[in-house]
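Enquirer: my_file_20.csv is reproduced in full below (CSV, C-alpha atoms).
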chain,number,residue,atom,x,y,z
A,1,LYS,CA,-15.3,15.0,1.3
A,2,ARG,CA,-12.1,13.8,-0.3
A,3,ASP,CA,-11.4,14.9,-3.9
A,4,TYR,CA,-8.3,13.1,-5.2
A,5,ARG,CA,-8.2,14.8,-8.5
A,6,ARG,CA,-8.4,18.3,-7.0
A,7,LYS,CA,-5.6,17.4,-4.6
A,8,VAL,CA,-3.5,16.2,-7.6
A,9,VAL,CA,-4.0,19.5,-9.4
A,10,TYR,CA,-3.0,21.5,-6.3
A,11,PHE,CA,0.0,19.2,-5.7
A,12,ARG,CA,1.2,19.6,-9.3
A,13,SER,CA,0.6,23.4,-9.4
A,14,GLN,CA,3.1,24.1,-6.6
A,15,PRO,CA,6.3,25.9,-7.9
A,16,VAL,CA,8.6,23.2,-6.5
A,17,MET,CA,6.7,20.5,-8.5
A,18,ARG,CA,7.3,22.1,-11.9
A,19,VAL,CA,10.0,21.0,-14.3
A,20,GLY,CA,12.6,23.8,-14.2
A,21,GLY,CA,16.1,24.9,-15.0
A,22,ASP,CA,18.2,24.5,-18.1
A,23,GLY,CA,19.4,21.1,-19.3
A,24,LYS,CA,17.9,17.7,-18.6
A,25,CYS,CA,17.7,14.8,-16.2
A,26,GLU,CA,19.3,12.2,-18.4
A,27,VAL,CA,19.4,8.5,-17.6
A,28,ARG,CA,21.3,6.3,-20.0
A,29,LEU,CA,21.3,2.5,-19.6
A,30,ARG,CA,21.7,-0.9,-21.2
A,31,ARG,CA,18.5,-2.9,-21.6
A,32,ALA,CA,20.2,-6.0,-20.2
A,33,TRP,CA,21.4,-4.1,-17.1
A,34,VAL,CA,18.3,-2.0,-16.2
A,35,PHE,CA,18.8,-2.2,-12.4
A,36,GLU,CA,22.5,-1.8,-12.2
A,37,ASP,CA,22.8,1.0,-14.8
A,38,SER,CA,19.7,2.8,-13.4
A,39,PHE,CA,21.3,2.7,-9.9
A,40,ALA,CA,24.5,4.2,-11.2
A,41,ALA,CA,22.8,6.9,-13.3
A,42,VAL,CA,20.2,8.0,-10.7
A,43,MET,CA,22.6,8.1,-7.7
A,44,ARG,CA,25.0,10.4,-9.8
A,45,LEU,CA,22.2,13.0,-10.1
A,46,ARG,CA,22.0,16.0,-7.8
A,47,PRO,CA,18.6,16.8,-6.4
A,48,ASP,CA,18.2,19.9,-8.7
A,49,ASP,CA,19.0,17.7,-11.7
A,50,MET,CA,16.1,15.4,-11.0
A,51,ARG,CA,13.6,18.2,-11.4
A,52,LYS,CA,14.8,19.0,-15.0
A,53,ARG,CA,13.2,17.4,-18.1
A,54,LEU,CA,13.5,13.6,-17.8
A,55,VAL,CA,15.2,11.9,-20.8
A,56,VAL,CA,15.7,8.2,-20.7
A,57,LYS,CA,17.9,6.5,-23.4
A,58,PHE,CA,18.6,2.8,-23.9
A,59,ASP,CA,22.0,2.2,-25.5
A,60,SER,CA,22.0,1.4,-29.2
A,61,GLU,CA,18.3,2.3,-29.5
A,62,ASP,CA,17.2,5.4,-31.4
A,63,GLY,CA,13.9,6.1,-29.6
A,64,LEU,CA,13.3,9.7,-28.8
A,65,ASP,CA,11.8,10.1,-25.3
A,66,TYR,CA,8.5,12.0,-25.7
A,67,GLY,CA,7.3,10.0,-22.6
A,68,GLY,CA,7.0,6.5,-23.9
A,69,VAL,CA,10.6,5.5,-23.2
A,70,SER,CA,10.6,6.8,-19.7
A,71,ARG,CA,7.2,5.1,-19.1
A,72,GLU,CA,8.8,1.8,-20.2
A,73,TRP,CA,11.8,2.5,-18.0
A,74,PHE,CA,9.7,2.9,-14.8
A,75,PHE,CA,7.8,-0.2,-15.7
A,76,LEU,CA,10.9,-2.4,-16.2
A,77,LEU,CA,12.7,-0.9,-13.2
A,78,SER,CA,9.7,-1.6,-11.0
A,79,HIS,CA,10.0,-5.3,-11.8
A,80,GLU,CA,13.7,-5.3,-10.9
A,81,MET,CA,13.8,-3.1,-7.8
A,82,PHE,CA,10.9,-4.9,-6.1
A,83,ASN,CA,11.7,-8.4,-7.1
A,84,PRO,CA,11.9,-10.3,-3.8
A,85,SER,CA,14.9,-12.3,-5.0
A,86,TYR,CA,17.0,-9.1,-4.6
A,87,GLY,CA,16.2,-9.2,-0.9
A,88,LEU,CA,15.2,-5.6,-0.5
A,89,PHE,CA,11.4,-6.1,-0.5
A,90,GLU,CA,9.2,-9.1,0.2
A,91,TYR,CA,5.5,-9.9,-0.3
A,92,SER,CA,2.9,-9.1,2.3
A,93,ALA,CA,1.5,-11.7,4.7
A,94,HIS,CA,-1.4,-12.7,2.5
A,95,ASP,CA,-0.7,-12.2,-1.2
A,96,ASN,CA,2.1,-12.1,-3.8
A,97,TYR,CA,1.3,-8.7,-5.2
A,98,THR,CA,1.7,-6.2,-2.4
A,99,LEU,CA,5.1,-5.4,-1.0
A,100,GLN,CA,6.8,-4.5,2.2
A,101,ILE,CA,10.4,-3.8,3.2
A,102,ASN,CA,12.4,-7.0,3.9
A,103,PRO,CA,13.8,-6.7,7.5
A,104,ALA,CA,16.6,-9.1,6.4
A,105,SER,CA,17.8,-6.8,3.6
A,106,GLY,CA,21.0,-6.2,5.4
A,107,ILE,CA,22.3,-9.4,3.9
A,108,ASN,CA,23.3,-7.1,1.1
A,109,PRO,CA,26.0,-4.8,2.6
A,110,GLU,CA,24.9,-1.9,0.2
A,111,HIS,CA,21.2,-2.2,1.0
A,112,LEU,CA,20.8,1.3,2.4
A,113,ASP,CA,22.2,2.8,-0.8
A,114,TYR,CA,19.7,0.8,-2.7
A,115,PHE,CA,16.8,2.0,-0.5
A,116,LYS,CA,17.9,5.6,-1.1
A,117,PHE,CA,18.0,4.9,-4.8
A,118,ILE,CA,14.4,3.4,-4.7
A,119,GLY,CA,13.2,6.5,-2.8
A,120,ARG,CA,14.7,8.6,-5.5
A,121,VAL,CA,13.0,6.5,-8.3
A,122,LEU,CA,9.6,6.8,-6.5
A,123,GLY,CA,10.2,10.6,-6.2
A,124,LEU,CA,11.2,10.8,-9.9
A,125,ALA,CA,8.0,8.9,-11.0
A,126,ILE,CA,5.7,11.2,-9.0
A,127,PHE,CA,7.5,14.3,-10.1
A,128,HIS,CA,7.5,13.4,-13.8
A,129,HIS,CA,3.9,12.1,-13.8
A,130,ARG,CA,4.8,8.5,-14.3
A,131,PHE,CA,3.7,5.4,-12.5
A,132,LEU,CA,5.5,2.4,-11.0
A,133,ASP,CA,4.1,-1.1,-11.4
A,134,ALA,CA,4.2,-1.7,-7.6
A,135,TYR,CA,1.8,-1.7,-4.8
A,136,PHE,CA,2.7,-1.8,-1.1
A,137,VAL,CA,1.1,-2.8,2.2
A,138,PRO,CA,-1.1,0.0,3.6
A,139,SER,CA,1.3,0.8,6.4
A,140,PHE,CA,4.1,1.7,4.0
A,141,TYR,CA,2.1,4.6,2.6
A,142,LYS,CA,1.2,5.7,6.1
A,143,MET,CA,4.9,5.7,7.1
A,144,ILE,CA,5.7,8.0,4.1
A,145,LEU,CA,3.0,10.4,5.4
A,146,ASN,CA,4.4,10.1,8.9
A,147,LYS,CA,1.1,8.8,10.2
A,148,LYS,CA,0.8,6.5,13.2
A,149,VAL,CA,0.6,2.8,12.4
A,150,THR,CA,-2.1,0.7,14.1
A,151,LEU,CA,-2.9,-2.9,15.0
A,152,LYS,CA,-5.1,-3.0,11.9
A,153,ASP,CA,-2.0,-2.3,9.7
A,154,LEU,CA,-0.2,-5.3,11.2
A,155,GLU,CA,-2.6,-7.7,9.5
A,156,ALA,CA,-0.9,-7.3,6.1
A,157,VAL,CA,2.6,-7.6,7.6
A,158,ASP,CA,2.2,-10.5,10.0
A,159,TYR,CA,-1.2,-12.1,10.1
A,160,GLU,CA,-0.6,-14.5,13.0
A,161,LEU,CA,0.9,-11.8,15.2
A,162,HIS,CA,-2.1,-9.6,14.4
A,163,ARG,CA,-4.5,-12.4,15.4
A,164,GLY,CA,-2.6,-13.1,18.7
A,165,LEU,CA,-2.5,-9.4,19.7
A,166,THR,CA,-6.2,-9.0,18.9
A,167,TRP,CA,-7.0,-11.9,21.1
A,168,MET,CA,-4.9,-10.3,23.9
A,169,LEU,CA,-6.9,-7.1,23.7
A,170,GLU,CA,-10.2,-8.9,23.7
A,171,ASN,CA,-9.6,-11.2,26.7
A,172,ASP,CA,-8.5,-10.9,30.3
A,173,ILE,CA,-4.8,-12.0,30.3
A,174,THR,CA,-4.4,-12.1,34.1
A,175,ASP,CA,-2.5,-15.4,35.0
A,176,VAL,CA,-2.9,-16.5,31.3
A,177,LEU,CA,0.2,-14.9,29.6
A,178,ASP,CA,3.7,-14.7,30.8
A,179,GLU,CA,5.2,-12.0,28.7
A,180,THR,CA,7.6,-9.1,29.2
A,181,PHE,CA,8.0,-5.9,27.2
A,182,THR,CA,10.4,-7.7,24.7
A,183,THR,CA,10.1,-9.4,21.4
A,184,THR,CA,12.3,-11.9,19.7
A,185,GLU,CA,13.9,-11.6,16.2
A,186,ASP,CA,15.3,-14.4,14.0
A,187,ARG,CA,18.5,-12.9,12.6
A,188,PHE,CA,19.8,-15.5,10.1
A,189,GLY,CA,19.1,-18.4,12.5
A,190,GLU,CA,20.0,-16.7,15.7
A,191,PHE,CA,17.2,-15.6,18.0
A,192,VAL,CA,17.8,-12.2,19.5
A,193,THR,CA,15.7,-10.6,22.3
A,194,ILE,CA,14.8,-6.9,21.8
A,195,ASP,CA,13.5,-4.6,24.5
A,196,LEU,CA,10.4,-2.8,23.4
A,197,LYS,CA,11.1,0.0,26.0
A,198,PRO,CA,14.0,0.7,28.3
A,199,ASP,CA,14.7,-2.4,30.5
A,200,GLY,CA,11.6,-4.1,28.9
A,201,ALA,CA,12.8,-7.5,29.9
A,202,SER,CA,12.1,-6.7,33.6
A,203,VAL,CA,8.6,-5.3,32.9
A,204,PRO,CA,5.8,-7.9,32.9
A,205,VAL,CA,2.8,-7.5,30.6
A,206,THR,CA,-0.4,-7.2,32.7
A,207,GLU,CA,-4.1,-6.6,32.0
A,208,ALA,CA,-3.4,-2.9,33.0
A,209,ASN,CA,-0.5,-2.3,30.6
A,210,LYS,CA,-1.4,-4.6,27.7
A,211,HIS,CA,-2.5,-1.8,25.4
A,212,GLU,CA,0.9,-0.1,25.7
A,213,TYR,CA,2.5,-3.5,25.0
A,214,VAL,CA,0.4,-4.0,21.8
A,215,ASN,CA,1.2,-0.5,20.6
A,216,LEU,CA,4.9,-1.1,21.1
A,217,VAL,CA,4.9,-4.5,19.3
A,218,VAL,CA,3.0,-3.0,16.4
A,219,GLU,CA,5.4,0.0,16.2
A,220,TYR,CA,8.4,-2.3,16.3
A,221,ARG,CA,7.1,-5.0,13.9
A,222,ILE,CA,6.0,-2.5,11.2
A,223,HIS,CA,8.4,0.5,11.7
A,224,ARG,CA,11.3,0.2,14.0
A,225,ARG,CA,12.4,-3.2,12.6
A,226,VAL,CA,13.0,-1.6,9.2
A,227,GLY,CA,13.8,1.9,10.5
A,228,GLU,CA,17.2,2.1,8.9
A,229,GLN,CA,16.0,1.0,5.5
A,230,PHE,CA,13.0,3.3,5.7
A,231,ARG,CA,15.1,6.4,6.7
A,232,ALA,CA,17.4,5.7,3.7
A,233,PHE,CA,14.3,5.4,1.4
A,234,MET,CA,12.9,8.7,2.7
A,235,ASP,CA,16.3,10.5,2.2
A,236,GLY,CA,16.1,9.6,-1.5
A,237,PHE,CA,12.4,10.4,-1.8
A,238,GLY,CA,12.9,13.8,-0.1
A,239,ASP,CA,15.6,14.6,-2.7
A,240,VAL,CA,12.8,15.0,-5.2
A,241,ILE,CA,9.5,15.5,-3.4
A,242,PRO,CA,9.0,17.9,-0.5
A,243,LEU,CA,7.8,15.7,2.4
A,244,ASP,CA,5.3,18.3,3.7
A,245,LEU,CA,3.7,18.7,0.3
A,246,VAL,CA,2.9,15.0,-0.2
A,247,LYS,CA,0.9,15.0,3.1
A,248,VAL,CA,-2.0,16.6,1.2
A,249,PHE,CA,-2.9,13.0,0.3
A,250,ASP,CA,-4.1,10.2,2.5
A,251,GLU,CA,-2.5,6.7,2.3
A,252,ASN,CA,-5.1,5.4,-0.2
A,253,GLU,CA,-4.6,8.4,-2.5
A,254,LEU,CA,-0.8,8.0,-2.2
A,255,GLU,CA,-1.2,4.4,-3.5
A,256,LEU,CA,-3.0,5.8,-6.6
A,257,LEU,CA,-0.4,8.6,-7.0
A,258,ILE,CA,2.4,6.1,-7.1
A,259,GLY,CA,0.8,3.1,-8.9
A,260,GLY,CA,-1.8,4.8,-10.9
A,261,MET,CA,-5.4,3.7,-11.2
A,262,SER,CA,-5.8,0.3,-12.8
A,263,ASP,CA,-8.7,-0.2,-15.2
A,264,ILE,CA,-11.0,-2.4,-13.3
A,265,ASP,CA,-12.9,-5.0,-15.3
A,266,MET,CA,-16.4,-4.9,-13.9
A,267,ASP,CA,-17.6,-8.1,-15.7
A,268,ASP,CA,-14.6,-10.0,-14.2
A,269,TRP,CA,-15.3,-8.5,-10.7
A,270,THR,CA,-19.0,-9.6,-10.8
A,271,LYS,CA,-18.2,-13.0,-12.3
A,272,PHE,CA,-15.8,-13.9,-9.5
A,273,THR,CA,-17.8,-12.7,-6.5
A,274,ASP,CA,-19.2,-15.0,-3.8
A,275,TYR,CA,-22.3,-14.3,-1.8
A,276,ARG,CA,-23.3,-15.2,1.8
A,277,GLY,CA,-26.9,-14.7,2.8
A,278,TYR,CA,-27.6,-13.1,-0.5
A,279,GLU,CA,-28.3,-14.4,-4.0
A,280,LYS,CA,-26.8,-12.5,-7.0
A,281,THR,CA,-30.4,-11.9,-8.2
A,282,ASP,CA,-31.4,-10.1,-4.9
A,283,GLN,CA,-32.4,-6.5,-5.4
A,284,VAL,CA,-29.8,-5.1,-3.1
A,285,ILE,CA,-27.0,-6.9,-5.0
A,286,GLU,CA,-28.3,-5.7,-8.3
A,287,TRP,CA,-28.3,-2.1,-6.9
A,288,PHE,CA,-24.8,-2.7,-5.6
A,289,TRP,CA,-23.4,-3.6,-9.0
A,290,GLN,CA,-25.5,-0.9,-10.7
A,291,CYS,CA,-24.0,1.6,-8.3
A,292,LEU,CA,-20.4,0.4,-8.9
A,293,ARG,CA,-20.7,0.5,-12.7
A,294,SER,CA,-21.9,4.1,-12.5
A,295,TRP,CA,-18.9,5.2,-10.4
A,296,PRO,CA,-15.7,6.8,-11.9
A,297,ALA,CA,-12.5,4.7,-11.7
A,298,GLU,CA,-11.2,6.5,-8.6
A,299,ARG,CA,-14.3,5.6,-6.6
A,300,LYS,CA,-14.2,1.9,-7.7
A,301,ALA,CA,-10.5,1.8,-6.7
A,302,ARG,CA,-11.5,3.2,-3.2
A,303,LEU,CA,-14.1,0.5,-2.7
A,304,LEU,CA,-11.5,-2.1,-3.7
A,305,GLN,CA,-9.0,-0.6,-1.2
A,306,PHE,CA,-11.7,-0.5,1.5
A,307,THR,CA,-12.5,-4.2,1.0
A,308,THR,CA,-9.2,-5.8,0.1
A,309,GLY,CA,-6.6,-3.4,1.4
A,310,THR,CA,-5.3,-2.4,-2.1
A,311,SER,CA,-6.5,-1.2,-5.4
A,312,ARG,CA,-4.3,-3.7,-7.1
A,313,VAL,CA,-6.0,-6.5,-9.0
A,314,PRO,CA,-4.0,-9.7,-9.6
A,315,VAL,CA,-2.6,-10.2,-13.2
A,316,ASN,CA,-5.1,-12.9,-13.9
A,317,GLY,CA,-8.0,-11.0,-12.5
A,318,PHE,CA,-10.4,-11.3,-9.6
A,319,LYS,CA,-10.3,-15.1,-9.6
A,320,ASP,CA,-6.8,-14.9,-8.2
A,321,LEU,CA,-7.5,-12.6,-5.2
A,322,GLN,CA,-5.6,-13.8,-2.1
A,323,GLY,CA,-6.7,-13.7,1.5
A,324,SER,CA,-4.7,-14.3,4.7
A,325,ASP,CA,-5.4,-18.0,4.5
A,326,GLY,CA,-5.0,-18.6,0.7
A,327,PRO,CA,-7.2,-17.9,-2.3
A,328,ARG,CA,-10.2,-15.7,-1.3
A,329,ARG,CA,-12.7,-14.4,-3.7
A,330,PHE,CA,-14.3,-11.0,-3.3
A,331,THR,CA,-17.3,-11.8,-1.0
A,332,ILE,CA,-20.5,-9.9,-0.2
A,333,GLU,CA,-22.1,-11.0,3.1
A,334,LYS,CA,-25.6,-10.1,4.3
A,335,SER,CA,-24.8,-8.4,7.6
A,336,GLY,CA,-25.6,-5.3,9.6
A,337,ASP,CA,-28.4,-2.9,10.2
A,338,PRO,CA,-29.9,-1.0,7.2
A,339,ASN,CA,-29.4,2.2,9.2
A,340,GLY,CA,-25.6,1.5,9.5
A,341,LEU,CA,-22.6,1.5,7.3
A,342,PRO,CA,-21.1,-1.4,5.3
A,343,ARG,CA,-18.1,-3.0,7.0
A,344,SER,CA,-15.1,-4.7,5.5
A,345,HIS,CA,-12.7,-7.5,6.5
A,346,THR,CA,-9.6,-7.0,4.3
A,347,CYS,CA,-7.9,-10.3,5.3
A,348,PHE,CA,-10.9,-12.1,3.8
A,349,ASN,CA,-11.7,-9.7,0.9
A,350,ARG,CA,-15.2,-9.5,2.4
A,351,LEU,CA,-17.8,-6.7,2.4
A,352,ASP,CA,-20.6,-6.9,5.0
A,353,LEU,CA,-23.5,-5.2,3.2
A,354,PRO,CA,-26.7,-4.5,5.2
A,355,PRO,CA,-30.0,-5.2,3.3
A,356,TYR,CA,-30.7,-1.5,2.3
A,357,GLN,CA,-34.3,-0.7,1.4
A,358,ASP,CA,-33.6,1.5,-1.6
A,359,TYR,CA,-30.8,2.4,-4.1
A,360,GLU,CA,-30.2,5.9,-2.7
A,361,SER,CA,-29.5,4.6,0.8
A,362,LEU,CA,-27.1,2.0,-0.5
A,363,GLU,CA,-25.1,4.5,-2.5
A,364,LYS,CA,-25.1,7.1,0.3
A,365,LYS,CA,-23.9,4.6,2.9
A,366,LEU,CA,-21.3,3.0,0.6
A,367,LEU,CA,-19.9,6.4,-0.3
A,368,TYR,CA,-19.7,7.5,3.3
A,369,ALA,CA,-17.9,4.2,4.3
A,370,ILE,CA,-15.2,4.5,1.6
A,371,GLU,CA,-14.7,8.3,1.6
A,372,GLU,CA,-15.4,9.7,5.0
A,373,THR,CA,-14.1,7.0,7.3
A,374,GLU,CA,-10.5,6.1,8.0
A,375,GLY,CA,-10.2,2.7,9.7
A,376,PHE,CA,-13.9,2.8,10.7
A,377,GLY,CA,-15.8,-0.2,9.8
A,378,VAL,CA,-12.7,-2.0,8.7
A,379,GLU,CA,-11.4,-5.2,10.4
In structure tokens, what does this structure look like?
Expert:
Amino acid sequence: KRDYRRKVVYFRSQPVMRVGGDGKCEVRLRRAWVFEDSFAAVMRLRPDDMRKRLVVKFDSEDGLDYGGVSREWFFLLSHEMFNPSYGLFEYSAHDNYTLQINPASGINPEHLDYFKFIGRVLGLAIFHHRFLDAYFVPSFYKMILNKKVTLKDLEAVDYELHRGLTWMLENDITDVLDETFTTTEDRFGEFVTIDLKPDGASVPVTEANKHEYVNLVVEYRIHRRVGEQFRAFMDGFGDVIPLDLVKVFDENELELLIGGMSDIDMDDWTKFTDYRGYEKTDQVIEWFWQCLRSWPAERKARLLQFTTGTSRVPVNGFKDLQGSDGPRRFTIEKSGDPNGLPRSHTCFNRLDLPPYQDYESLEKKLLYAIEETEGFGVE
């Protein structure tokens, strides 16, 4: 069974994760130049410096940093670094609150330096027990942990491509598709053909090799395409956080470690939930909300991750949840065998909940689905 809090205690107790050495890690900046001044200050630091006591000072402000100033700095910097107008990150395929690396970031000639800087800032936040106001697509956390990305992960990155590849796997493509082991990339108006494997242009996609093709497209679209940027990011991150140590977490826990656990408003969640096949007065629905309200924040966050792909709630609450095709409320659908597990459809923010016969069964199956399964029961 996963125990996020126990993992955090273990992670923080490692000698390399303790603030040490004489002196301090000082970041001085002007409030009007948060991004530029932070970049200059953080990139000047040596890796050892970043593990000393963090002190953030805004010019011409007297505030002593007992934690509040650095918390504000990370919050303000999050909004600058990840602002899509800078061209380094862009929003996911189906919302405007989860982020992914922008493959066209090279339009800024210094983009790799900025990705290294962002990696360092993420590392600093984790090391000094601070949070960033930023949430990423699930595959980004998996890449940090060096875990294999899957077709499921593509859904948040490129929904149409995910749908096309899913169709390809579910149908016989003999004499239907005329594809080779290549993909095309739009590079500032010029379409470039990229081999997915050596001499891919001369290898046709067949019913026999389509699984290999799908895996290579997924790997390219999520990882290879932004490989340079991601390596620079990880160089910076690794300057502060030992990469083998962070692997104690899974991708869902890493999201909580970086972004913190948001305080979920249960009244708002219940108010903006739709039902299919159920009425909100049905016994199983009443059990469901009773169960959720009794859970600690971490478990609520896990259910939200399981159903929507992120623990992030939009600024204006659950009424603004987005799906792959526009606004999509959290939805509970009557579906499945009472002996089976709930399933989720993250692109539609939908939970398929079987009509369980008692409260204990419902809680047991929900817990198993969100804590013991990785990718299982998720579409």
Enquirer: Using all atoms listed in the file, tabulate the residues of range 150-253 of chain A lying at most 8 Å from any atom of range 109-130 of chain A, each with its closest atom pair and that distance in Å to one decimal, by chain and increasing residue number, as a Markdown table.
Expert:
| residue | atom | partner | partner_atom | distance |
| --- | --- | --- | --- | --- |
| A:Glu228 | CA | A:Leu112 | CA | 7.5 |
| A:Gln229 | CA | A:Leu112 | CA | 5.7 |
| A:Phe230 | CA | A:Phe115 | CA | 7.4 |
| A:Ala232 | CA | A:Lys116 | CA | 4.8 |
| A:Phe233 | CA | A:Lys116 | CA | 4.4 |
| A:Met234 | CA | A:Gly119 | CA | 5.9 |
| A:Asp235 | CA | A:Lys116 | CA | 6.1 |
| A:Gly236 | CA | A:Arg120 | CA | 4.4 |
| A:Phe237 | CA | A:Gly119 | CA | 4.1 |
| A:Gly238 | CA | A:Gly123 | CA | 7.4 |
| A:Asp239 | CA | A:Arg120 | CA | 6.7 |
| A:Val240 | CA | A:Gly123 | CA | 5.2 |
| A:Ile241 | CA | A:Gly123 | CA | 5.7 |
Enquirer: Write the residues of the preceding selection, restricted to C-alpha atoms, as a PDB file, in the frame of the given file.
Expert:
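See part.pdb below for the written result:
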ATOM      1  CA  GLU A 228      17.200   2.100   8.900  1.00  0.00           C
ATOM      2  CA  GLN A 229      16.000   1.000   5.500  1.00  0.00           C
ATOM      3  CA  PHE A 230      13.000   3.300   5.700  1.00  0.00           C
ATOM      4  CA  ALA A 232      17.400   5.700   3.700  1.00  0.00           C
ATOM      5  CA  PHE A 233      14.300   5.400   1.400  1.00  0.00           C
ATOM      6  CA  MET A 234      12.900   8.700   2.700  1.00  0.00           C
ATOM      7  CA  ASP A 235      16.300  10.500   2.200  1.00  0.00           C
ATOM      8  CA  GLY A 236      16.100   9.600  -1.500  1.00  0.00           C
ATOM      9  CA  PHE A 237      12.400  10.400  -1.800  1.00  0.00           C
ATOM     10  CA  GLY A 238      12.900  13.800  -0.100  1.00  0.00           C
ATOM     11  CA  ASP A 239      15.600  14.600  -2.700  1.00  0.00           C
ATOM     12  CA  VAL A 240      12.800  15.000  -5.200  1.00  0.00           C
ATOM     13  CA  ILE A 241       9.500  15.500  -3.400  1.00  0.00           C
TER      14      ILE A 241
END
Enquirer: Can you tell me which residues surround Pro15 in chain A at a distance of at most 12 Å, considering all atoms listed in the file, apart from same-chain residues fewer than 2 positions away, and format the answer as a PyMOL selection string?
Expert: chain A and resi 10-13+17-20+51+127+241-242+245
Enquirer: Env of range 150-163 of chain A: 9 Å cut, atoms = only C-alpha atoms, seq-sep filter 5 positions within chain, self excluded. Answer as a ChimeraX atom specification.
Expert: /A:91-95,98,100,137-139,168,214-215,218-219,221-222,309,324,346-347,375,378-379
Enquirer: Separation of CA of Leu45 in chain A and CA of Tyr141 in chain A, in Å?
Expert: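 Between CA of Leu45 in chain A and CA of Tyr141 in chain A the gap is 25.2 Å.
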Enquirer: I'd like the neighbourhood of Ala208 in chain A as a ChimeraX atom specification, where a residue qualifies if any of its atoms comes within 10 Å (using all atoms listed in the file), though same-chain residues fewer than 2 positions away should be ignored.
Expert: /A:172-174,205-206,210-213
Enquirer: Would you compute the distance between CA of Asp265 in chain A and CA of Ser335 in chain A? Give it in Å to one decimal.
Expert: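 Computing the Euclidean distance for CA of Asp265 in chain A and CA of Ser335 in chain A yields 26.0 Å.
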Enquirer: With 8 Å as the threshold, what does the neighbourhood of (-18.1, -8.3, 3.7) contain in terms of residues, counting all atoms listed in the file? Coordinates are those of the file; answer as an MDAnalysis selection string.
Expert: chainID A and resid 307 331:335 342:345 349:353
Enquirer: Can you list, as a list in words, every protein, DNA or RNA residue that comes within 8 Å of range 180-182 of chain A when you count only C-alpha atoms, leaving out same-chain residues fewer than 5 positions away?
Expert: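 These residues fall inside the cut-off: Thr193, Ile194, Asp195, Leu196, Lys197, Gly200, Ala201, Ser202, Val203, Pro204, Val205 and Tyr213 of chain A.
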Enquirer: Enter the distance from CA of Asp263 in chain A to CA of Ala297 in chain A, in Å, rounded to one decimal.
Expert: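 The value is 7.1 Å.
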Enquirer: Give me the residues within 10 Å of Asn146 in chain A as a list in words, counting all atoms listed in the file and dropping any in the same chain fewer than 6 places off.
Expert: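 Near Asn146 in chain A, the qualifying residues are Phe140, Leu243, Asp244 and Lys247 of chain A.
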Enquirer: Which protein, DNA or RNA residues are at most 12 Å from (15.5, -7.2, -5.7) in the file's coordinates when you count all atoms listed in the file, listed as an NGL selection string?
Expert: :A and (35-36 or 77-91 or 99 or 101-102 or 105 or 107-108 or 111 or 114-115 or 118)
Enquirer: Name the closest residue to Lys147 in chain A among the candidates A:Arg293, A:Arg71, A:His223, A:Lys271; distances are taken between atoms, counting all atoms listed in the file.
Expert: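 So, comparing all the options, the nearest one is A:His223.
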